[in-house]
>>> print(open('input21.pdb').read())   # PDB, C-alpha atoms
ATOM      1  CA  VAL G   6      17.978 -23.233  71.253
ATOM      2  CA  PHE G   7      18.435 -19.975  73.111
ATOM      3  CA  CYS G   8      18.456 -17.688  70.148
ATOM      4  CA  GLY G   9      15.626 -17.193  67.751
ATOM      5  CA  SER G  10      17.389 -16.145  64.583
ATOM      6  CA  GLY G  11      17.634 -19.622  63.061
ATOM      7  CA  LYS G  12      20.664 -18.523  61.052
ATOM      8  CA  LYS G  13      24.126 -20.093  61.250
ATOM      9  CA  ILE G  14      23.438 -22.087  64.412
ATOM     10  CA  GLN G  15      26.517 -23.040  66.450
ATOM     11  CA  ALA G  16      27.098 -25.343  69.387
ATOM     12  CA  HIS G  17      28.108 -23.628  72.628
ATOM     13  CA  HIS G  18      29.719 -25.378  75.612
ATOM     14  CA  ILE G  19      27.961 -23.967  78.665
ATOM     15  CA  ASP G  20      30.794 -24.935  81.019
ATOM     16  CA  GLY G  21      34.008 -24.225  79.120
ATOM     17  CA  TYR G  22      35.432 -26.871  76.807
ATOM     18  CA  ALA G  23      39.073 -26.558  77.850
ATOM     19  CA  GLU G  24      38.472 -26.608  81.599
ATOM     20  CA  ASN G  25      35.865 -29.381  81.739
ATOM     21  CA  GLU G  26      37.205 -32.377  79.871
ATOM     22  CA  GLU G  27      34.872 -34.791  81.677
ATOM     23  CA  ILE G  28      31.717 -33.098  80.349
ATOM     24  CA  ARG G  29      32.898 -31.839  76.959
ATOM     25  CA  LEU G  30      30.602 -34.143  75.036
ATOM     26  CA  ASP G  31      27.723 -34.227  77.524
ATOM     27  CA  LYS G  32      24.597 -32.960  75.760
ATOM     28  CA  ASN G  33      23.525 -31.280  79.016
ATOM     29  CA  ASN G  34      26.582 -29.030  78.713
ATOM     30  CA  GLY G  35      25.521 -27.742  75.322
ATOM     31  CA  ALA G  36      23.281 -25.099  73.882
ATOM     32  CA  THR G  37      22.800 -23.694  70.433
ATOM     33  CA  LEU G  38      23.212 -20.045  69.604
ATOM     34  CA  CYS G  39      23.330 -18.252  66.295
ATOM     35  CA  GLN G  40      26.811 -17.249  65.182
ATOM     36  CA  SER G  41      26.194 -13.632  66.203
ATOM     37  CA  CYS G  42      25.047 -14.465  69.748
ATOM     38  CA  HIS G  43      27.818 -17.031  70.179
ATOM     39  CA  TYR G  44      30.390 -14.396  69.247
ATOM     40  CA  LYS G  45      28.717 -11.837  71.537
ATOM     41  CA  PHE G  46      28.763 -14.245  74.498
ATOM     42  CA  HIS G  47      32.501 -14.838  74.119
ATOM     43  CA  PHE G  48      33.156 -11.133  73.503
ATOM     44  CA  ILE G  49      31.505 -10.346  76.855
ATOM     45  CA  TYR G  50      32.783 -13.292  78.946
ATOM     46  CA  GLY G  51      35.920 -14.377  77.111
ATOM     47  CA  THR G  52      36.837 -17.889  76.056
ATOM     48  CA  VAL G  53      38.552 -19.209  79.189
ATOM     49  CA  ASN G  54      36.791 -20.327  82.375
ATOM     50  CA  VAL G  55      33.305 -19.678  81.036
ATOM     51  CA  ASN G  56      30.537 -21.276  83.053
ATOM     52  CA  ARG G  57      26.836 -21.956  83.433
ATOM     53  CA  GLN G  58      26.295 -18.915  85.648
ATOM     54  CA  GLN G  59      27.611 -16.627  82.913
ATOM     55  CA  PHE G  60      25.495 -18.360  80.283
ATOM     56  CA  ASN G  61      22.355 -18.052  82.409
ATOM     57  CA  GLU G  62      23.129 -14.368  82.974
ATOM     58  CA  PHE G  63      23.601 -13.857  79.224
ATOM     59  CA  ILE G  64      20.207 -15.403  78.508
ATOM     60  CA  LYS G  65      18.397 -13.845  81.482
ATOM     61  CA  THR G  66      19.605 -10.295  80.861
ATOM     62  CA  GLY G  67      18.532 -10.507  77.246
ATOM     63  CA  GLU G  68      21.996  -9.964  75.796
ATOM     64  CA  ASN G  69      20.865 -12.152  72.919
ATOM     65  CA  ASN G  70      17.585 -10.284  72.298
ATOM     66  CA  GLU G  71      18.614  -8.815  68.966
ATOM     67  CA  CYS G  72      18.465 -12.318  67.497
ATOM     68  CA  LYS G  73      14.877 -13.033  68.495
TER      69      LYS G  73
END
>>> encode(input="input21.pdb", output="structure tokens")
Amino acid sequence: VFCGSGKKIQAHHIDGYAENEEIRLDKNNGATLCQSCHYKFHFIYGTVNVNRQQFNEFIKTGENNECK
């Protein structure tokens, strides 16, 4: 869990779902975010070709801090 709100938790594919069929269901490719942070991530990075580097940047830069 990368977001501390505890409200409306959603599954997030760290390496994009559409582009990475072989790891879609791999638990190591998943993280949970609240609905607000999940929306914010995709607002910033889009929904196509998202990747682990972007996710790490999102967490590291504190873009999800309002949920903690």
>>> residues_around(input="input21.pdb", residues="Asn54 in chain G", least_positions_apart="3", cutoff="12 Å", atoms="all atoms listed in the file", output="compact mmCIF listing (two decimals) with C-alpha atoms, keeping the file's coordinate frame")
# COMPACT_ATOMS: atom_id res chain seq x y z
CA HIS G 18 29.72 -25.38 75.61
CA ILE G 19 27.96 -23.97 78.67
CA ASP G 20 30.79 -24.94 81.02
CA GLY G 21 34.01 -24.22 79.12
CA TYR G 22 35.43 -26.87 76.81
CA ALA G 23 39.07 -26.56 77.85
CA GLU G 24 38.47 -26.61 81.60
CA ASN G 25 35.86 -29.38 81.74
CA HIS G 47 32.50 -14.84 74.12
CA TYR G 50 32.78 -13.29 78.95
CA GLY G 51 35.92 -14.38 77.11
CA ARG G 57 26.84 -21.96 83.43
CA GLN G 58 26.30 -18.92 85.65
CA GLN G 59 27.61 -16.63 82.91
CA PHE G 60 25.50 -18.36 80.28
>>> closest_residue(input="input21.pdb", among="G:Lys32, G:Cys42, G:Glu26, G:Thr52", to="Ile64 in chain G", atoms="all atoms listed in the file")
G:Cys42
>>> atom_distance(input="input21.pdb", atom1="CA of Leu30 in chain G", atom2="CA of Glu68 in chain G")
25.7 Å
>>> closest_residue(input="input21.pdb", among="G:Gly35, G:Gly67, G:Gln40, G:Val53", to="His17 in chain G", atoms="all atoms listed in the file")
G:Gly35
>>> atom_distance(input="input21.pdb", atom1="CA of Lys12 in chain G", atom2="CA of Val55 in chain G")
23.7 Å
>>> atom_distance(input="input21.pdb", atom1="CA of Ile14 in chain G", atom2="CA of Glu27 in chain G")
24.3 Å
>>> axis_aligned_box(input="input21.pdb", around="range 22-32 of chain G", padding_each_side="6 Å", output="JSON")
{"center_x": 31.8, "center_y": -30.7, "center_z": 78.4, "size_x": 26.5, "size_y": 20.2, "size_z": 18.7}
>>> closest_residue(input="input21.pdb", among="G:Lys13, G:Phe63, G:Asn33, G:Cys8", to="Phe48 in chain G", atoms="all atoms listed in the file")
G:Phe63
>>> closest_residue(input="input21.pdb", among="G:Cys39, G:Arg29, G:Asn34, G:Asn56", to="Gln15 in chain G", atoms="only C-alpha atoms")
G:Cys39
>>> build_atoms(input="input21.pdb", residues="range 45-70 of chain G", atoms="N, CA, C and O atoms", output="compact mmCIF listing (two decimals), keeping the file's coordinate frame")
# COMPACT_ATOMS: atom_id res chain seq x y z
N LYS G 45 28.98 -12.84 70.51
CA LYS G 45 28.72 -11.84 71.54
C LYS G 45 28.96 -12.39 72.94
O LYS G 45 29.53 -11.71 73.79
N PHE G 46 28.52 -13.64 73.19
CA PHE G 46 28.76 -14.24 74.50
C PHE G 46 30.26 -14.25 74.81
O PHE G 46 30.69 -13.82 75.88
N HIS G 47 31.06 -14.73 73.87
CA HIS G 47 32.50 -14.84 74.12
C HIS G 47 33.18 -13.47 74.12
O HIS G 47 34.20 -13.30 74.78
N PHE G 48 32.63 -12.49 73.44
CA PHE G 48 33.16 -11.13 73.50
C PHE G 48 32.97 -10.57 74.91
O PHE G 48 33.86 -9.93 75.46
N ILE G 49 31.81 -10.85 75.51
CA ILE G 49 31.50 -10.35 76.86
C ILE G 49 32.26 -11.12 77.93
O ILE G 49 32.87 -10.53 78.83
N TYR G 50 32.26 -12.45 77.87
CA TYR G 50 32.78 -13.29 78.95
C TYR G 50 34.14 -13.91 78.66
O TYR G 50 34.72 -14.54 79.55
N GLY G 51 34.65 -13.77 77.46
CA GLY G 51 35.92 -14.38 77.11
C GLY G 51 35.74 -15.82 76.69
O GLY G 51 34.63 -16.32 76.55
N THR G 52 36.88 -16.49 76.52
CA THR G 52 36.84 -17.89 76.06
C THR G 52 37.42 -18.86 77.07
O THR G 52 37.40 -20.06 76.85
N VAL G 53 37.93 -18.36 78.17
CA VAL G 53 38.55 -19.21 79.19
C VAL G 53 37.73 -19.11 80.47
O VAL G 53 37.26 -18.04 80.85
N ASN G 54 37.53 -20.25 81.11
CA ASN G 54 36.79 -20.33 82.38
C ASN G 54 35.35 -19.83 82.27
O ASN G 54 34.82 -19.26 83.22
N VAL G 55 34.72 -20.04 81.13
CA VAL G 55 33.30 -19.68 81.04
C VAL G 55 32.48 -20.74 81.75
O VAL G 55 32.90 -21.89 81.88
N ASN G 56 31.31 -20.34 82.25
CA ASN G 56 30.54 -21.28 83.05
C ASN G 56 29.04 -21.06 82.89
O ASN G 56 28.58 -20.12 82.25
N ARG G 57 28.30 -21.94 83.51
CA ARG G 57 26.84 -21.96 83.43
C ARG G 57 26.23 -20.67 84.00
O ARG G 57 25.25 -20.15 83.47
N GLN G 58 26.80 -20.16 85.06
CA GLN G 58 26.30 -18.92 85.65
C GLN G 58 26.36 -17.76 84.64
O GLN G 58 25.42 -16.99 84.49
N GLN G 59 27.47 -17.66 83.93
CA GLN G 59 27.61 -16.63 82.91
C GLN G 59 26.60 -16.83 81.78
O GLN G 59 25.99 -15.87 81.30
N PHE G 60 26.44 -18.07 81.35
CA PHE G 60 25.50 -18.36 80.28
C PHE G 60 24.07 -17.99 80.70
O PHE G 60 23.34 -17.35 79.95
N ASN G 61 23.69 -18.38 81.92
CA ASN G 61 22.36 -18.05 82.41
C ASN G 61 22.16 -16.54 82.49
O ASN G 61 21.08 -16.03 82.17
N GLU G 62 23.18 -15.83 82.91
CA GLU G 62 23.13 -14.37 82.97
C GLU G 62 22.95 -13.78 81.57
O GLU G 62 22.16 -12.86 81.36
N PHE G 63 23.69 -14.31 80.61
CA PHE G 63 23.60 -13.86 79.22
C PHE G 63 22.18 -14.01 78.69
O PHE G 63 21.64 -13.10 78.08
N ILE G 64 21.57 -15.15 78.97
CA ILE G 64 20.21 -15.40 78.51
C ILE G 64 19.20 -14.56 79.29
O ILE G 64 18.32 -13.92 78.72
N LYS G 65 19.35 -14.53 80.61
CA LYS G 65 18.40 -13.84 81.48
C LYS G 65 18.37 -12.34 81.26
O LYS G 65 17.33 -11.71 81.27
N THR G 66 19.54 -11.74 81.04
CA THR G 66 19.60 -10.30 80.86
C THR G 66 19.22 -9.87 79.46
O THR G 66 19.15 -8.68 79.16
N GLY G 67 18.97 -10.83 78.59
CA GLY G 67 18.53 -10.51 77.25
C GLY G 67 19.63 -10.03 76.33
O GLY G 67 19.37 -9.36 75.33
N GLU G 68 20.89 -10.36 76.64
CA GLU G 68 22.00 -9.96 75.80
C GLU G 68 21.85 -10.50 74.38
O GLU G 68 22.42 -9.98 73.45
N ASN G 69 21.05 -11.55 74.24
CA ASN G 69 20.86 -12.15 72.92
C ASN G 69 19.55 -11.71 72.26
O ASN G 69 19.15 -12.26 71.25
N ASN G 70 18.91 -10.69 72.80
CA ASN G 70 17.58 -10.28 72.30
C ASN G 70 17.57 -9.85 70.84
O ASN G 70 16.57 -9.99 70.17
